[in-house]
Amino acid sequence: IIKTLDVTDSLTGLKDVCDLENGRIAGKIFYDQEIYEQELEKVFARCWLFVAHESQIPKTGDYITTSMGEDEVIVIRQKSGGIKVFLNACPHRGNKVCFAESGSTRGFICNYHGWSFNVEGNLVGQHESGVYEDSNFDKSKWGLKEVAQVDSYKGLVFATFDANAPSLKEYLGPIAWYMDALFDNQEGGTEFVGGCIRSTYECNWKIAAENFVGDILHAGWTHDSAARAMLGGSVAKVSDFEESYSVNWNGHGYEFALDTVGNVAVLGESALNKYLHTIKPSVAERLGDFRSNMIGSVSSCTIFPNFSFLPGQNTVRVWQPRGPNKMELFTWVVVNKSAPEEVKEKWRKGAMMTFSPTGVFEMDDGENWEYCTKTAKGRVTAQQDLFVGLGMDTLLTDTPLPANVYEGQLNEANSRAFYQYWYDMLNSRSWNEVPDRNVGKQEAE
Ligand code: FES
Ligand code: FE
């Protein structure tokens, strides 16, 4: 198991980049190499990161490869039924041991000198037997390096390199309650359909993660023309929604409007609306009325730092950092396991039309994100203050809902909380030092 990393004290790149109490961030955070290096160490090597859905690896030896920050990993189902995550790097000279994106195997053999590893990651052989016998070589110490903690929430598998990180349950906190509206609204839970779609953008990962944490503001402007040209209707006006919220916790954010199932009509797929209306009574029984009104609604969520999803379009994604100004996007489509096959297929196709490299909304977003990043290359532009101060006074103090709850979606409360947590992680040498800025409830009343 990888030991907890020692973190450096160097914070020189971080001075004056965030002033969230006054709703300001500096453009510099999107294009700075030193800040990026700190992120890899203090955010991606410590936080819980999404690595797989359980449905992708149902049987012993089933695996997928992905990355945690810039560290490549193998996520593999064990004989015991559990899941382990290993560095995808041979402990001999560091060669990559698995080149496939997914598969099923009894083990891995390194291309370079033939070290071989079983599903449990143990070193089980070398191609010249006996060659290490005189070298004081303890085979049991040279298996694939295991990631410190792995845990699942409702089929979503997360891992962290940090043995001292809080539990996944604690990390997600009350945001998990809201996640159930998508990931646990029917018996049997969810599964991914189709494969992983990968694409690259010349943008900083935070711009994308923040877009999903709570930036509904852009949707009616950025996406309206594509919606009208390609999908047969305008993007709904958020100010028309009767009841909507932005909720956040530890940098995670979820924004949603109640009773807006019709949003899925933007996909031109009435079968999906019909399905959502059909299951609504059983969702109400399972999760209560409030969350039954969240299904298929106009909503989006980011789990800090880089895991996001859009209920309604059912796209699930990870914004993989690949440098301060480069991001690789991994996306999947999630559906209820119990949904009829034709509904699953419509969701898969709907996601292709909207949120995939060929999807109209993804192209809209990608262009904006790339320019938000590129402008910050300018030494002067990078110093510019950016405004994230919308809705400073929208905190709801008298609500039965869990987490930090803000009135409406048209505010930047979740974006501020996202950047604040990011800043706090970068400034904290241990988890104990991370300030607790949560003011809301742990549980729904
Ligand atoms: Fe893998 Fe040598 S680098 S066996
Ligand atoms: Fe968008």
# chains A, B, ... in the order shown; residues from 1 in each chain; ligands from 1

$ select_by_dssp --residues "segment 225-276 of chain A" --states "strand (DSSP E or B)" --output "list in words"
Ser244, Tyr245, Ser246, Val247, Asn248, Trp249, His252, Gly253, Tyr254, Glu255, Phe256 and Ala257 of chain A

$ residues_around --residues "segment 344-353 of chain A" --least-positions-apart "4" --cutoff "9 Å" --atoms "only C-alpha atoms" --output "ChimeraX atom specification"
/A:193-194,230-231,267-269,271-272,312-315,332-337,339-340,357-361

$ residues_near_ligand --ligand "ligand 2" --cutoff "10 Å" --atoms "only C-alpha atoms and all ligand atoms" --output "VMD selection string"
chain A and resid 208 211 to 212 215 to 223 300 354 to 355 360 to 366 368 to 369

$ residues_around --residues "segment 240-247 of chain A" --least-positions-apart "5" --cutoff "10 Å" --atoms "only C-alpha atoms" --output "ChimeraX atom specification"
/A:174-175,178,213-215,252-260,294,298-301,394-396,401-415,417,440

$ closest_residue --among "A:Phe309, A:Phe137, A:Trp48, A:Tyr63" --to "Val150 of chain A" --atoms "only C-alpha atoms"
A:Trp48

$ residues_near_ligand --ligand "ligand 1" --cutoff "8 Å" --atoms "only C-alpha atoms and all ligand atoms" --output "VMD selection string"
chain A and resid 89 to 97 109 to 116 126

$ write_last_selection --atoms "N, CA and C atoms" --output "PDB file, in the first residue's frame"
ATOM      1  N   ALA A  89       1.836   0.533 -13.168  1.00  0.00           N
ATOM      2  CA  ALA A  89       3.269   0.759 -13.395  1.00  0.00           C
ATOM      3  C   ALA A  89       4.024  -0.371 -12.720  1.00  0.00           C
ATOM      4  N   CYS A  90       4.873  -1.019 -13.480  1.00  0.00           N
ATOM      5  CA  CYS A  90       5.619  -2.167 -12.979  1.00  0.00           C
ATOM      6  C   CYS A  90       6.647  -1.721 -11.934  1.00  0.00           C
ATOM      7  N   PRO A  91       6.732  -2.455 -10.789  1.00  0.00           N
ATOM      8  CA  PRO A  91       7.698  -2.052  -9.772  1.00  0.00           C
ATOM      9  C   PRO A  91       9.150  -2.404 -10.127  1.00  0.00           C
ATOM     10  N   HIS A  92       9.392  -2.913 -11.340  1.00  0.00           N
ATOM     11  CA  HIS A  92      10.779  -3.183 -11.730  1.00  0.00           C
ATOM     12  C   HIS A  92      11.427  -1.925 -12.309  1.00  0.00           C
ATOM     13  N   ARG A  93      10.994  -1.492 -13.504  1.00  0.00           N
ATOM     14  CA  ARG A  93      11.509  -0.230 -14.044  1.00  0.00           C
ATOM     15  C   ARG A  93      10.385   0.782 -14.315  1.00  0.00           C
ATOM     16  N   GLY A  94       9.178   0.407 -13.916  1.00  0.00           N
ATOM     17  CA  GLY A  94       8.096   1.382 -14.029  1.00  0.00           C
ATOM     18  C   GLY A  94       7.297   1.329 -15.317  1.00  0.00           C
ATOM     19  N   ASN A  95       7.542   0.332 -16.152  1.00  0.00           N
ATOM     20  CA  ASN A  95       6.776   0.243 -17.404  1.00  0.00           C
ATOM     21  C   ASN A  95       5.282   0.073 -17.101  1.00  0.00           C
ATOM     22  N   LYS A  96       4.464   0.549 -18.010  1.00  0.00           N
ATOM     23  CA  LYS A  96       3.021   0.360 -17.867  1.00  0.00           C
ATOM     24  C   LYS A  96       2.730  -1.139 -18.030  1.00  0.00           C
ATOM     25  N   VAL A  97       1.905  -1.707 -17.143  1.00  0.00           N
ATOM     26  CA  VAL A  97       1.681  -3.154 -17.244  1.00  0.00           C
ATOM     27  C   VAL A  97       0.391  -3.519 -17.973  1.00  0.00           C
ATOM     28  N   ILE A 109       1.237  -9.328 -17.336  1.00  0.00           N
ATOM     29  CA  ILE A 109       2.666  -9.591 -17.529  1.00  0.00           C
ATOM     30  C   ILE A 109       3.290  -8.347 -18.137  1.00  0.00           C
ATOM     31  N   CYS A 110       4.357  -7.864 -17.529  1.00  0.00           N
ATOM     32  CA  CYS A 110       5.003  -6.649 -18.013  1.00  0.00           C
ATOM     33  C   CYS A 110       5.776  -6.940 -19.301  1.00  0.00           C
ATOM     34  N   ASN A 111       5.644  -6.048 -20.268  1.00  0.00           N
ATOM     35  CA  ASN A 111       6.298  -6.211 -21.576  1.00  0.00           C
ATOM     36  C   ASN A 111       7.821  -6.165 -21.521  1.00  0.00           C
ATOM     37  N   TYR A 112       8.378  -5.528 -20.497  1.00  0.00           N
ATOM     38  CA  TYR A 112       9.809  -5.217 -20.541  1.00  0.00           C
ATOM     39  C   TYR A 112      10.672  -6.426 -20.163  1.00  0.00           C
ATOM     40  N   HIS A 113      10.554  -6.900 -18.903  1.00  0.00           N
ATOM     41  CA  HIS A 113      11.375  -8.038 -18.490  1.00  0.00           C
ATOM     42  C   HIS A 113      10.541  -9.226 -18.030  1.00  0.00           C
ATOM     43  N   GLY A 114       9.241  -9.141 -18.262  1.00  0.00           N
ATOM     44  CA  GLY A 114       8.387 -10.294 -18.023  1.00  0.00           C
ATOM     45  C   GLY A 114       7.961 -10.566 -16.596  1.00  0.00           C
ATOM     46  N   TRP A 115       8.055  -9.600 -15.690  1.00  0.00           N
ATOM     47  CA  TRP A 115       7.491  -9.821 -14.358  1.00  0.00           C
ATOM     48  C   TRP A 115       5.989 -10.028 -14.518  1.00  0.00           C
ATOM     49  N   SER A 116       5.424 -10.968 -13.757  1.00  0.00           N
ATOM     50  CA  SER A 116       3.980 -11.192 -13.879  1.00  0.00           C
ATOM     51  C   SER A 116       3.294 -11.086 -12.518  1.00  0.00           C
ATOM     52  N   GLN A 126       8.836 -14.422 -12.897  1.00  0.00           N
ATOM     53  CA  GLN A 126       9.668 -13.666 -13.824  1.00  0.00           C
ATOM     54  C   GLN A 126      10.000 -14.613 -14.956  1.00  0.00           C
TER      55      GLN A 126
END

$ closest_residue --among "A:Val434, A:Ala382, A:Leu287, A:Cys372" --to "Asp180 of chain A" --atoms "only C-alpha atoms"
A:Leu287

$ residues_around --residues "Asp184 of chain A" --least-positions-apart "5" --cutoff "10 Å" --atoms "only C-alpha atoms" --output "ChimeraX atom specification"
/A:153-155,177-179,189-190,283,286-287,336

$ write_last_selection --atoms "C-alpha atoms" --output "PDB file, in the first residue's frame"
ATOM      1  CA  TYR A 153     -21.310   4.451  -2.881  1.00  0.00           C
ATOM      2  CA  LYS A 154     -24.405   3.084  -4.648  1.00  0.00           C
ATOM      3  CA  GLY A 155     -22.334   1.358  -7.330  1.00  0.00           C
ATOM      4  CA  TRP A 177     -28.569  12.033   0.072  1.00  0.00           C
ATOM      5  CA  TYR A 178     -29.110  14.061  -3.116  1.00  0.00           C
ATOM      6  CA  MET A 179     -27.073  11.645  -5.259  1.00  0.00           C
ATOM      7  CA  GLY A 189     -29.553   0.511  -8.683  1.00  0.00           C
ATOM      8  CA  THR A 190     -27.774   1.663 -11.814  1.00  0.00           C
ATOM      9  CA  VAL A 283     -39.344   6.778  -6.276  1.00  0.00           C
ATOM     10  CA  ARG A 286     -38.390   4.741  -1.839  1.00  0.00           C
ATOM     11  CA  LEU A 287     -36.888   8.192  -1.309  1.00  0.00           C
ATOM     12  CA  ASN A 336     -31.384   2.255 -13.993  1.00  0.00           C
TER      13      ASN A 336
END

$ select_by_dssp --residues "segment 174-380 of chain A" --states "alpha helix (DSSP H)" --output "MDAnalysis selection string"
chainID A and resid 175:183 205:214 219:222 224:230 270:287 289:292 341:354 360:374

$ closest_residue --among "A:Arg106, A:His277, A:Lys141, A:Arg291" --to "Asn118 of chain A" --atoms "only C-alpha atoms"
A:Arg106

$ residues_around --residues "Ala159 of chain A" --least-positions-apart "3" --cutoff "8 Å" --atoms "only C-alpha atoms" --output "list in words"
Trp48, Leu49, Phe50, Val51, Val85, Val147, Ala148, Gln149, Val150 and Asp151 of chain A

$ write_last_selection --atoms "C-alpha atoms" --output "PDB file, in the first residue's frame"
ATOM      1  CA  TRP A  48     -11.447  10.515  -3.081  1.00  0.00           C
ATOM      2  CA  LEU A  49     -11.562  10.149  -6.872  1.00  0.00           C
ATOM      3  CA  PHE A  50     -14.127   8.290  -8.965  1.00  0.00           C
ATOM      4  CA  VAL A  51     -12.517   5.275 -10.661  1.00  0.00           C
ATOM      5  CA  VAL A  85      -6.899  -0.411  -7.333  1.00  0.00           C
ATOM      6  CA  VAL A 147      -3.973   2.406  -3.648  1.00  0.00           C
ATOM      7  CA  ALA A 148      -4.585   3.121   0.058  1.00  0.00           C
ATOM      8  CA  GLN A 149      -8.398   3.191   0.244  1.00  0.00           C
ATOM      9  CA  VAL A 150     -11.173   1.980  -2.077  1.00  0.00           C
ATOM     10  CA  ASP A 151     -14.885   2.214  -1.313  1.00  0.00           C
TER      11      ASP A 151
END

$ residues_around --residues "Gly323 of chain A" --least-positions-apart "4" --cutoff "8 Å" --atoms "only C-alpha atoms" --output "PyMOL selection string"
chain A and resi 33+36+204+327

$ write_last_selection --atoms "N, CA and C atoms" --output "PDB file, in the first residue's frame"
ATOM      1  N   GLN A  33       1.644  26.673 -13.871  1.00  0.00           N
ATOM      2  CA  GLN A  33       2.291  25.374 -13.713  1.00  0.00           C
ATOM      3  C   GLN A  33       2.515  25.035 -12.239  1.00  0.00           C
ATOM      4  N   TYR A  36      -0.619  24.009 -10.617  1.00  0.00           N
ATOM      5  CA  TYR A  36      -0.979  22.676 -11.102  1.00  0.00           C
ATOM      6  C   TYR A  36      -0.219  21.574 -10.349  1.00  0.00           C
ATOM      7  N   ASN A 204      -8.305  24.057 -18.530  1.00  0.00           N
ATOM      8  CA  ASN A 204      -8.009  23.646 -17.166  1.00  0.00           C
ATOM      9  C   ASN A 204      -9.174  22.826 -16.622  1.00  0.00           C
ATOM     10  N   MET A 327      -6.964  18.957 -20.545  1.00  0.00           N
ATOM     11  CA  MET A 327      -7.848  18.064 -19.784  1.00  0.00           C
ATOM     12  C   MET A 327      -8.282  16.916 -20.685  1.00  0.00           C
TER      13      MET A 327
END

$ decode --residues "segment 355-375 of chain A" --atoms "N, CA and C atoms" --output "PDB file, in the first residue's frame"
ATOM      1  N   PHE A 355     -24.125  15.327 -24.852  1.00  0.00           N
ATOM      2  CA  PHE A 355     -22.874  15.390 -24.094  1.00  0.00           C
ATOM      3  C   PHE A 355     -21.928  14.261 -24.472  1.00  0.00           C
ATOM      4  N   SER A 356     -21.308  14.397 -25.640  1.00  0.00           N
ATOM      5  CA  SER A 356     -20.247  13.493 -26.096  1.00  0.00           C
ATOM      6  C   SER A 356     -19.419  14.348 -27.063  1.00  0.00           C
ATOM      7  N   PRO A 357     -18.283  13.839 -27.551  1.00  0.00           N
ATOM      8  CA  PRO A 357     -17.497  14.681 -28.476  1.00  0.00           C
ATOM      9  C   PRO A 357     -18.304  15.124 -29.694  1.00  0.00           C
ATOM     10  N   THR A 358     -19.320  14.349 -30.082  1.00  0.00           N
ATOM     11  CA  THR A 358     -20.157  14.770 -31.207  1.00  0.00           C
ATOM     12  C   THR A 358     -21.434  15.466 -30.740  1.00  0.00           C
ATOM     13  N   GLY A 359     -21.602  15.599 -29.434  1.00  0.00           N
ATOM     14  CA  GLY A 359     -22.824  16.198 -28.897  1.00  0.00           C
ATOM     15  C   GLY A 359     -22.787  17.715 -28.990  1.00  0.00           C
ATOM     16  N   VAL A 360     -23.933  18.284 -29.272  1.00  0.00           N
ATOM     17  CA  VAL A 360     -23.956  19.733 -29.510  1.00  0.00           C
ATOM     18  C   VAL A 360     -23.602  20.537 -28.256  1.00  0.00           C
ATOM     19  N   PHE A 361     -24.029  20.078 -27.092  1.00  0.00           N
ATOM     20  CA  PHE A 361     -23.763  20.879 -25.891  1.00  0.00           C
ATOM     21  C   PHE A 361     -22.288  20.805 -25.479  1.00  0.00           C
ATOM     22  N   GLU A 362     -21.704  19.631 -25.691  1.00  0.00           N
ATOM     23  CA  GLU A 362     -20.287  19.471 -25.337  1.00  0.00           C
ATOM     24  C   GLU A 362     -19.402  20.410 -26.157  1.00  0.00           C
ATOM     25  N   MET A 363     -19.749  20.554 -27.445  1.00  0.00           N
ATOM     26  CA  MET A 363     -18.950  21.446 -28.295  1.00  0.00           C
ATOM     27  C   MET A 363     -19.080  22.886 -27.828  1.00  0.00           C
ATOM     28  N   ASP A 364     -20.318  23.274 -27.491  1.00  0.00           N
ATOM     29  CA  ASP A 364     -20.541  24.636 -26.973  1.00  0.00           C
ATOM     30  C   ASP A 364     -19.664  24.899 -25.758  1.00  0.00           C
ATOM     31  N   ASP A 365     -19.719  23.968 -24.810  1.00  0.00           N
ATOM     32  CA  ASP A 365     -18.995  24.154 -23.551  1.00  0.00           C
ATOM     33  C   ASP A 365     -17.495  24.165 -23.781  1.00  0.00           C
ATOM     34  N   GLY A 366     -17.030  23.209 -24.591  1.00  0.00           N
ATOM     35  CA  GLY A 366     -15.590  23.048 -24.811  1.00  0.00           C
ATOM     36  C   GLY A 366     -14.950  24.333 -25.309  1.00  0.00           C
ATOM     37  N   GLU A 367     -15.610  25.012 -26.224  1.00  0.00           N
ATOM     38  CA  GLU A 367     -15.015  26.229 -26.778  1.00  0.00           C
ATOM     39  C   GLU A 367     -14.887  27.306 -25.692  1.00  0.00           C
ATOM     40  N   ASN A 368     -15.938  27.462 -24.918  1.00  0.00           N
ATOM     41  CA  ASN A 368     -15.875  28.453 -23.821  1.00  0.00           C
ATOM     42  C   ASN A 368     -14.753  28.123 -22.843  1.00  0.00           C
ATOM     43  N   TRP A 369     -14.664  26.855 -22.459  1.00  0.00           N
ATOM     44  CA  TRP A 369     -13.679  26.457 -21.437  1.00  0.00           C
ATOM     45  C   TRP A 369     -12.250  26.658 -21.950  1.00  0.00           C
ATOM     46  N   GLU A 370     -12.049  26.364 -23.244  1.00  0.00           N
ATOM     47  CA  GLU A 370     -10.697  26.534 -23.784  1.00  0.00           C
ATOM     48  C   GLU A 370     -10.277  27.998 -23.751  1.00  0.00           C
ATOM     49  N   TYR A 371     -11.220  28.902 -24.065  1.00  0.00           N
ATOM     50  CA  TYR A 371     -10.834  30.320 -24.055  1.00  0.00           C
ATOM     51  C   TYR A 371     -10.726  30.883 -22.650  1.00  0.00           C
ATOM     52  N   CYS A 372     -11.521  30.361 -21.703  1.00  0.00           N
ATOM     53  CA  CYS A 372     -11.351  30.790 -20.304  1.00  0.00           C
ATOM     54  C   CYS A 372      -9.936  30.450 -19.841  1.00  0.00           C
ATOM     55  N   THR A 373      -9.396  29.350 -20.360  1.00  0.00           N
ATOM     56  CA  THR A 373      -8.046  28.920 -19.996  1.00  0.00           C
ATOM     57  C   THR A 373      -6.990  29.724 -20.750  1.00  0.00           C
ATOM     58  N   LYS A 374      -7.179  29.809 -22.078  1.00  0.00           N
ATOM     59  CA  LYS A 374      -6.138  30.440 -22.906  1.00  0.00           C
ATOM     60  C   LYS A 374      -5.909  31.905 -22.569  1.00  0.00           C
ATOM     61  N   THR A 375      -6.965  32.638 -22.243  1.00  0.00           N
ATOM     62  CA  THR A 375      -6.762  34.060 -21.945  1.00  0.00           C
ATOM     63  C   THR A 375      -5.867  34.225 -20.725  1.00  0.00           C
TER      64      THR A 375
END
